[in-house]
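Containing mmCIF, C-alpha atoms: final_9.cif.
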```cif
data_run
loop_
_atom_site.label_atom_id
_atom_site.label_comp_id
_atom_site.auth_asym_id
_atom_site.auth_seq_id
_atom_site.Cartn_x
_atom_site.Cartn_y
_atom_site.Cartn_z
CA MET A 1 113.15 73.40 92.34
CA THR A 2 114.26 76.96 91.92
CA ASP A 3 117.58 78.04 93.41
CA GLY A 4 117.55 78.74 97.12
CA VAL A 5 114.32 76.84 97.84
CA GLN A 6 114.44 73.74 100.02
CA ALA A 7 111.40 71.60 100.71
CA THR A 8 110.34 70.56 104.20
CA THR A 9 108.93 67.13 104.98
CA ALA A 10 105.61 68.09 106.64
CA ALA A 11 102.42 66.60 105.20
CA PRO A 12 100.89 68.68 102.41
CA ALA A 13 97.90 70.86 103.27
CA ARG A 14 94.51 70.03 101.79
CA VAL A 15 93.30 72.17 98.89
CA LYS A 16 89.64 72.88 99.56
CA ARG A 17 88.98 74.50 96.17
CA VAL A 18 90.31 76.79 93.50
CA VAL A 19 88.54 79.97 94.60
CA HIS A 20 88.90 82.26 91.61
CA THR A 21 91.13 83.72 88.92
CA ILE A 22 91.95 87.43 89.12
CA HIS A 23 91.70 89.59 85.99
CA ALA A 24 93.76 92.79 86.28
CA VAL A 25 92.16 95.70 84.38
CA ARG A 26 92.09 99.48 84.23
CA ASP A 27 88.32 99.85 83.76
CA ILE A 28 86.44 97.56 86.10
CA ASP A 29 82.98 98.63 84.93
CA ALA A 30 83.73 97.78 81.31
CA CYS A 31 85.25 94.45 82.34
CA ARG A 32 82.29 93.48 84.51
CA MET A 33 79.89 94.27 81.68
CA ARG A 34 81.96 92.28 79.19
CA TYR A 35 81.73 89.17 81.36
CA GLN A 36 78.01 89.61 81.83
CA ASP A 37 77.31 90.27 78.16
CA VAL A 38 79.61 87.71 76.55
CA LEU A 39 79.96 84.82 79.02
CA GLY A 40 76.78 85.19 81.07
CA GLY A 41 78.71 86.21 84.17
CA LEU A 42 76.73 86.39 87.40
CA VAL A 43 78.02 89.22 89.62
CA PHE A 44 77.39 88.58 93.32
CA ALA A 45 79.68 91.12 95.04
CA GLU A 46 81.61 94.32 94.51
CA GLY A 47 83.93 96.15 96.86
CA TYR A 48 86.99 98.25 97.59
CA PHE A 49 90.19 97.08 99.32
CA GLU A 50 91.78 100.13 100.91
CA PRO A 51 95.28 98.72 101.70
CA GLU A 52 95.89 98.24 97.95
CA ASP A 53 93.56 101.05 96.74
CA ARG A 54 91.70 98.81 94.32
CA ASP A 55 88.15 98.00 93.31
CA MET A 56 86.95 94.51 92.59
CA ALA A 57 83.94 92.59 91.35
CA LEU A 58 83.22 88.93 92.02
CA LEU A 59 81.33 86.94 89.42
CA TYR A 60 80.76 83.39 88.25
CA VAL A 61 81.16 82.13 84.71
CA GLY A 62 79.77 78.63 84.83
CA ASP A 63 81.24 76.98 87.93
CA HIS A 64 84.34 79.21 88.17
CA MET A 65 84.68 82.57 89.91
CA VAL A 66 86.50 85.42 88.18
CA GLU A 67 87.58 88.56 90.03
CA PRO A 68 88.19 91.66 87.92
CA MET A 69 90.36 94.17 89.82
CA ALA A 70 91.28 97.76 89.00
CA PRO A 71 93.32 100.36 90.89
CA ARG A 72 91.50 103.59 91.67
CA GLN A 73 94.65 105.60 90.99
CA PRO A 74 96.57 103.66 88.34
CA ASP A 75 99.23 106.36 88.08
CA ASP A 76 100.07 106.21 91.80
CA LEU A 77 102.96 103.74 91.76
CA GLY A 78 103.15 103.91 95.54
CA LYS A 79 100.27 101.42 95.60
CA PRO A 80 101.13 97.74 94.99
CA TYR A 81 98.29 97.04 92.57
CA SER A 82 99.06 100.13 90.49
CA ARG A 83 102.69 98.98 90.31
CA TYR A 84 101.56 95.55 89.16
CA LEU A 85 99.37 96.95 86.40
CA ALA A 86 102.11 99.31 85.22
CA ARG A 87 104.58 96.44 84.98
CA TYR A 88 102.44 93.55 83.75
CA GLY A 89 99.56 95.26 81.94
CA GLU A 90 95.98 94.04 81.71
CA GLY A 91 95.33 90.31 81.78
CA TRP A 92 95.38 87.37 84.17
CA HIS A 93 96.90 88.23 87.52
CA SER A 94 96.77 84.95 89.48
CA PHE A 95 94.50 82.20 90.67
CA GLU A 96 93.72 81.49 94.29
CA LEU A 97 93.67 78.27 96.28
CA ARG A 98 91.70 77.89 99.47
CA ILE A 99 93.83 75.68 101.67
CA ALA A 100 93.69 74.32 105.18
CA ASP A 101 96.19 75.69 107.74
CA CYS A 102 96.99 78.74 105.62
CA PRO A 103 99.31 80.45 108.16
CA ASP A 104 101.26 77.22 108.67
CA VAL A 105 101.72 76.81 104.92
CA ALA A 106 102.92 80.42 104.64
CA ALA A 107 105.43 79.80 107.42
CA ARG A 108 106.69 76.63 105.76
CA LEU A 109 107.10 78.37 102.42
CA LYS A 110 109.00 81.28 103.94
CA ALA A 111 111.23 78.92 105.92
CA ASP A 112 112.06 77.05 102.73
CA GLY A 113 113.06 80.18 100.83
CA TYR A 114 109.90 81.04 98.90
CA THR A 115 109.20 84.74 98.37
CA LEU A 116 105.79 85.79 99.69
CA ALA A 117 103.98 89.10 99.16
CA SER A 118 100.89 90.79 100.63
CA ASP A 119 100.92 88.38 103.54
CA TYR A 120 97.86 89.37 105.57
CA GLY A 121 97.78 86.25 107.73
CA MET A 122 94.79 84.43 106.27
CA PHE A 123 95.82 85.07 102.68
CA PHE A 124 99.08 85.66 100.86
CA TYR A 125 100.75 85.54 97.45
CA VAL A 126 103.70 83.40 96.39
CA ARG A 127 105.81 85.35 93.93
CA PRO A 128 106.77 83.96 90.49
CA GLU A 129 110.52 83.94 91.10
CA SER A 130 110.18 81.03 93.53
CA THR A 131 107.42 79.04 91.78
CA GLY A 132 108.86 78.57 88.31
CA GLY A 133 107.03 81.62 86.98
CA LEU A 134 103.54 81.56 88.52
CA LEU A 135 101.95 84.19 90.75
CA LEU A 136 99.80 82.20 93.20
CA GLU A 137 97.35 83.40 95.83
CA ALA A 138 96.36 81.29 98.84
CA CYS A 139 93.72 81.85 101.52
CA ASP A 140 91.59 80.11 104.12
CA VAL A 141 88.62 82.45 104.35
CA SER A 142 85.11 82.38 102.95
CA ILE A 143 83.97 85.16 100.63
CA PRO A 144 80.79 86.82 101.95
CA ASN A 145 77.69 86.01 99.90
CA ASP A 146 79.52 83.43 97.76
CA PRO A 147 76.85 81.29 96.04
CA TYR A 148 79.26 78.34 96.27
CA ASP A 149 78.63 78.17 100.02
CA ARG A 150 74.83 78.00 99.69
CA ARG A 151 73.08 74.69 100.28
CA ASN A 152 71.39 74.91 96.88
CA TRP A 153 74.54 75.79 94.88
CA ARG A 154 74.48 74.09 91.48
CA PRO A 155 77.64 74.24 89.35
CA ASP A 156 75.50 73.76 86.24
CA TRP A 157 73.40 76.87 86.91
CA ALA A 158 74.67 78.62 83.77
CA GLU A 159 73.59 75.97 81.25
CA GLY A 160 71.45 77.45 78.50
CA HIS A 161 73.36 80.70 77.97
CA ALA A 162 73.87 81.65 74.32
CA SER A 163 77.64 81.13 74.64
CA THR A 164 76.93 77.45 75.50
CA VAL A 165 79.61 77.67 78.24
CA LEU A 166 79.09 74.81 80.70
CA ARG A 167 82.05 74.92 83.10
CA LEU A 168 85.76 75.57 83.49
CA ASP A 169 87.78 72.86 81.80
CA HIS A 170 91.13 73.94 83.23
CA ILE A 171 93.46 76.84 83.97
CA ALA A 172 96.42 76.88 81.57
CA CYS A 173 99.71 78.27 82.88
CA VAL A 174 102.86 78.81 80.82
CA LEU A 175 106.06 78.80 82.90
CA ASN A 176 109.79 78.73 82.58
CA ASP A 177 110.04 75.88 85.11
CA ALA A 178 107.06 73.54 85.25
CA GLU A 179 108.89 71.18 87.60
CA ALA A 180 109.27 73.88 90.26
CA ALA A 181 105.53 74.60 90.10
CA ARG A 182 104.68 70.88 90.15
CA ARG A 183 106.80 70.40 93.25
CA LEU A 184 105.12 73.33 94.98
CA PHE A 185 101.65 71.95 94.27
CA THR A 186 102.48 68.40 95.40
CA THR A 187 104.77 69.15 98.36
CA TYR A 188 103.07 71.99 100.23
CA VAL A 189 99.50 71.20 99.17
CA ASP A 190 97.89 67.95 98.10
CA GLY A 191 97.80 68.46 94.34
CA GLU A 192 97.54 65.28 92.26
CA VAL A 193 99.37 64.82 88.96
CA LEU A 194 96.87 63.51 86.41
CA ASP A 195 99.07 63.58 83.32
CA ASP A 196 102.60 64.50 82.26
CA ARG A 197 103.15 64.50 78.53
CA ARG A 198 104.67 66.18 75.52
CA ILE A 199 102.63 68.57 73.36
CA SER A 200 103.49 70.01 69.94
CA ALA A 201 101.05 72.93 69.59
CA PRO A 202 101.37 75.84 69.67
CA GLN A 203 105.04 74.82 70.09
CA PRO A 204 106.87 71.80 71.55
CA ALA A 205 106.53 71.78 75.34
CA ARG A 206 106.05 69.71 78.47
CA ARG A 207 102.52 69.76 79.89
CA VAL A 208 101.79 68.65 83.46
CA LEU A 209 98.09 68.41 84.36
CA LEU A 210 97.26 68.69 88.07
CA ARG A 211 94.07 68.26 90.07
CA LEU A 212 93.78 70.89 92.80
CA GLY A 213 90.72 70.65 95.01
CA GLY A 214 88.50 69.37 92.22
CA ASP A 215 89.77 71.73 89.49
CA ASP A 216 92.44 71.11 86.87
CA VAL A 217 95.52 73.24 86.22
CA ALA A 218 97.93 72.68 83.32
CA LEU A 219 101.60 73.66 83.75
CA ILE A 220 103.22 74.17 80.34
CA GLN A 221 106.95 74.70 79.79
CA PRO A 222 108.17 75.37 76.23
CA ASP A 223 111.22 73.41 75.11
CA ASP A 224 112.70 76.51 73.52
CA PRO A 225 112.53 79.45 75.93
CA ALA A 226 113.94 81.82 73.31
CA SER A 227 111.46 81.58 70.44
CA GLY A 228 107.84 80.72 69.75
CA VAL A 229 104.53 82.02 71.08
CA LEU A 230 104.93 80.45 74.53
CA ALA A 231 108.45 81.81 74.85
CA ASP A 232 107.10 85.22 73.86
CA PHE A 233 104.58 84.94 76.68
CA ILE A 234 107.11 84.18 79.44
CA ARG A 235 109.83 86.57 78.24
CA PRO A 236 108.33 89.84 79.58
CA PRO A 237 107.03 90.12 83.15
CA THR A 238 104.07 87.74 83.43
CA SER A 239 101.91 86.14 86.10
CA GLY A 240 102.22 82.73 84.43
CA VAL A 241 98.46 82.35 83.89
CA TYR A 242 98.02 81.97 80.12
CA ALA A 243 94.32 81.18 79.65
CA LEU A 244 91.09 80.07 81.22
CA VAL A 245 89.87 77.15 79.12
CA TRP A 246 86.08 76.71 79.12
CA ALA A 247 84.11 73.61 78.19
CA VAL A 248 81.22 74.49 75.90
CA GLU A 249 78.24 72.51 74.69
CA ASP A 250 78.64 73.52 71.03
CA LEU A 251 81.84 75.03 69.61
CA GLY A 252 80.15 76.25 66.44
CA ARG A 253 77.35 78.02 68.27
CA ALA A 254 79.80 79.52 70.76
CA GLN A 255 82.00 80.92 67.99
CA ALA A 256 79.01 82.32 66.10
CA PHE A 257 77.71 84.00 69.26
CA PHE A 258 81.06 85.65 70.02
CA GLU A 259 81.37 86.87 66.44
CA GLU A 260 77.85 88.32 66.60
CA LYS A 261 79.07 90.27 69.63
CA GLY A 262 81.82 91.76 67.48
CA LEU A 263 84.64 89.72 69.06
CA ARG A 264 87.50 88.30 67.05
CA VAL A 265 88.08 84.57 67.45
CA THR A 266 91.20 82.63 66.55
CA ARG A 267 92.78 79.19 66.76
CA GLU A 268 96.29 80.62 66.68
CA ASN A 269 98.42 80.25 69.83
CA CYS A 270 95.84 78.04 71.57
CA VAL A 271 97.14 75.53 74.10
CA SER A 272 93.83 73.67 74.35
CA GLY A 273 93.13 72.52 70.80
CA GLY A 274 90.07 74.75 70.68
CA PHE A 275 89.65 78.41 69.78
CA ALA A 276 90.11 81.66 71.68
CA ILE A 277 88.66 85.13 71.89
CA ASP A 278 91.39 87.57 70.92
CA PRO A 279 92.76 88.82 74.28
CA ALA A 280 92.77 92.37 72.89
CA ASP A 281 88.96 92.12 72.82
CA PHE A 282 88.79 90.99 76.47
CA GLN A 283 91.02 93.48 78.28
CA GLY A 284 94.13 91.37 77.92
CA ALA A 285 92.68 88.07 79.23
CA ARG A 286 92.83 84.96 77.07
CA HIS A 287 89.69 82.78 77.09
CA GLU A 288 89.86 79.49 75.18
CA PHE A 289 86.97 77.14 74.43
CA VAL A 290 86.87 73.39 73.91
CA ALA A 291 84.06 70.91 73.37
CA ALA A 292 82.79 69.40 76.62
CA SER A 293 83.72 65.76 77.02
#
```

What would the structure in this file look like if it were written as structure tokens?
Amino acid sequence: MTDGVQATTAAPARVKRVVHTIHAVRDIDACRMRYQDVLGGLVFAEGYFEPEDRDMALLYVGDHMVEPMAPRQPDDLGKPYSRYLARYGEGWHSFELRIADCPDVAARLKADGYTLASDYGMFFYVRPESTGGLLLEACDVSIPNDPYDRRNWRPDWAEGHASTVLRLDHIACVLNDAEAARRLFTTYVDGEVLDDRRISAPQPARRVLLRLGGDDVALIQPDDPASGVLADFIRPPTSGVYALVWAVEDLGRAQAFFEEKGLRVTRENCVSGGFAIDPADFQGARHEFVAAS
């Protein structure tokens, strides 16, 4: 566990679901259109959050929600989201857990020395310095008009899109302390460790695979924090979220479709064994693709 953080002994809270992953961008319209055009994203809500002066869109790719966010005044560093974008740049911001007893969990975390931010009662962020390098959002509220809450929600609704994307395989996080993140996810919430192994690509590292409310999250810690692609990722300010890894029906067809759209694809720096769209072609966000099991 990170310095200054002590764990309590209360029972872990139940993770109801992984709600979404936030994609921080400067141009929300372009981002929304990219998801719709390339990954068959289904937009179901848009809005403005005045306390942080930011716009957002909510959309599903397969069974996973993505939330592009953009500050209205990116040069106004008096706003928290503008400060974030200026420091971290475009790319993955965080993912969110919906948990039971959210205020109680926040109180426990604060009592044990974790650093929280944007604590609005029913949702809050846990800052990377006390999680091993991951920016995590937690909530216990429903999102209005979320298709997930409909009686006829089908996670396979997107099957048949030209990308052949079927569902989220896992969220890949690269951290400087995977053990601190593992302890957070198994002490304060009821995350389950599915696997803990060594990997060699894209560089030697420890990889802990967790199940959180029905979704999988990989915590990856490079052996050498000073060199290599994973070390390069964690060296500057980062949220810790490295990639969304999607399961596709046909890797060859998916790659051909993305290339037809003018996107560059690569197998370099992938943590999944599949291929990725160059993050520079997706407003800083890394999407990787693997064959569905």

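The two atoms in question, atom CA of Gly113 of chain A and atom CA of Pro128 of chain A, are spaced 12.7 Å apart.
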
Suppose a student applies the PyMOL selection byres ((chain A and resi 190) around 9) to this structure; what residues should they get, written as a CSV table (one decimal) with C-alpha atoms, keeping the file's coordinate frame?
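Generated output (result_26.csv):
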```
chain,number,residue,atom,x,y,z
A,11,ALA,CA,102.4,66.6,105.2
A,12,PRO,CA,100.9,68.7,102.4
A,13,ALA,CA,97.9,70.9,103.3
A,14,ARG,CA,94.5,70.0,101.8
A,15,VAL,CA,93.3,72.2,98.9
A,185,PHE,CA,101.6,72.0,94.3
A,186,THR,CA,102.5,68.4,95.4
A,187,THR,CA,104.8,69.2,98.4
A,188,TYR,CA,103.1,72.0,100.2
A,189,VAL,CA,99.5,71.2,99.2
A,191,GLY,CA,97.8,68.5,94.3
A,192,GLU,CA,97.5,65.3,92.3
A,211,ARG,CA,94.1,68.3,90.1
A,212,LEU,CA,93.8,70.9,92.8
A,213,GLY,CA,90.7,70.6,95.0
```

Would you mind listing what lies within 10 Å of Met65 of chain A as a ChimeraX atom specification, with all atoms listed in the file counted and same-chain residues fewer than 6 positions away left out? /A:18-22,41-43,58-59,95,146,148,168

Please provide as a PDB file with C-alpha atoms, in the frame of the given file all residues within 6 Å of segment 231-240 of chain A, with the sequence filter that same-chain residues fewer than 5 positions apart are discarded (counting all atoms listed in the file).
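Dumped everything to around-v1.pdb:
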```pdb
ATOM      1  CA  TYR A  88     102.440  93.550  83.750  1.00  0.00           C
ATOM      2  CA  HIS A  93      96.900  88.230  87.520  1.00  0.00           C
ATOM      3  CA  GLY A 133     107.030  81.620  86.980  1.00  0.00           C
ATOM      4  CA  LEU A 134     103.540  81.560  88.520  1.00  0.00           C
ATOM      5  CA  LEU A 135     101.950  84.190  90.750  1.00  0.00           C
ATOM      6  CA  CYS A 173      99.710  78.270  82.880  1.00  0.00           C
ATOM      7  CA  VAL A 174     102.860  78.810  80.820  1.00  0.00           C
ATOM      8  CA  LEU A 175     106.060  78.800  82.900  1.00  0.00           C
ATOM      9  CA  PRO A 225     112.530  79.450  75.930  1.00  0.00           C
ATOM     10  CA  ALA A 226     113.940  81.820  73.310  1.00  0.00           C
TER      11      ALA A 226
END
```

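Atom CA of Ala285 of chain A to atom CA of Arg182 of chain A spans 23.6 Å [interatomic distance, one decimal].
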
Show me a table, sorted first by chain and then by increasing residue number, of the residues of segment 103-197 of chain A having an atom at most 12 Å from segment 249-264 of chain A, each with its shortest atom pair and the distance in Å to one decimal, counting all atoms listed in the file and written as JSON lines.
```
{"residue": "A:Asp156", "atom": "CA", "partner": "A:Glu249", "partner_atom": "CA", "distance": 11.9}
{"residue": "A:Ala158", "atom": "CA", "partner": "A:Glu249", "partner_atom": "CA", "distance": 11.5}
{"residue": "A:Glu159", "atom": "CA", "partner": "A:Glu249", "partner_atom": "CA", "distance": 8.8}
{"residue": "A:Gly160", "atom": "CA", "partner": "A:Glu249", "partner_atom": "CA", "distance": 9.2}
{"residue": "A:His161", "atom": "CA", "partner": "A:Ala254", "partner_atom": "CA", "distance": 9.7}
{"residue": "A:Ala162", "atom": "CA", "partner": "A:Phe257", "partner_atom": "CA", "distance": 6.8}
{"residue": "A:Ser163", "atom": "CA", "partner": "A:Ala254", "partner_atom": "CA", "distance": 4.7}
{"residue": "A:Thr164", "atom": "CA", "partner": "A:Glu249", "partner_atom": "CA", "distance": 5.2}
{"residue": "A:Val165", "atom": "CA", "partner": "A:Glu249", "partner_atom": "CA", "distance": 6.4}
{"residue": "A:Leu166", "atom": "CA", "partner": "A:Glu249", "partner_atom": "CA", "distance": 6.5}
{"residue": "A:Arg167", "atom": "CA", "partner": "A:Glu249", "partner_atom": "CA", "distance": 9.5}
{"residue": "A:Leu168", "atom": "CA", "partner": "A:Glu249", "partner_atom": "CA", "distance": 12.0}
{"residue": "A:Asp169", "atom": "CA", "partner": "A:Glu249", "partner_atom": "CA", "distance": 11.9}
```

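Between atom CA of Gly91 of chain A and atom CA of Arg26 of chain A lies a distance of 10.0 Å.
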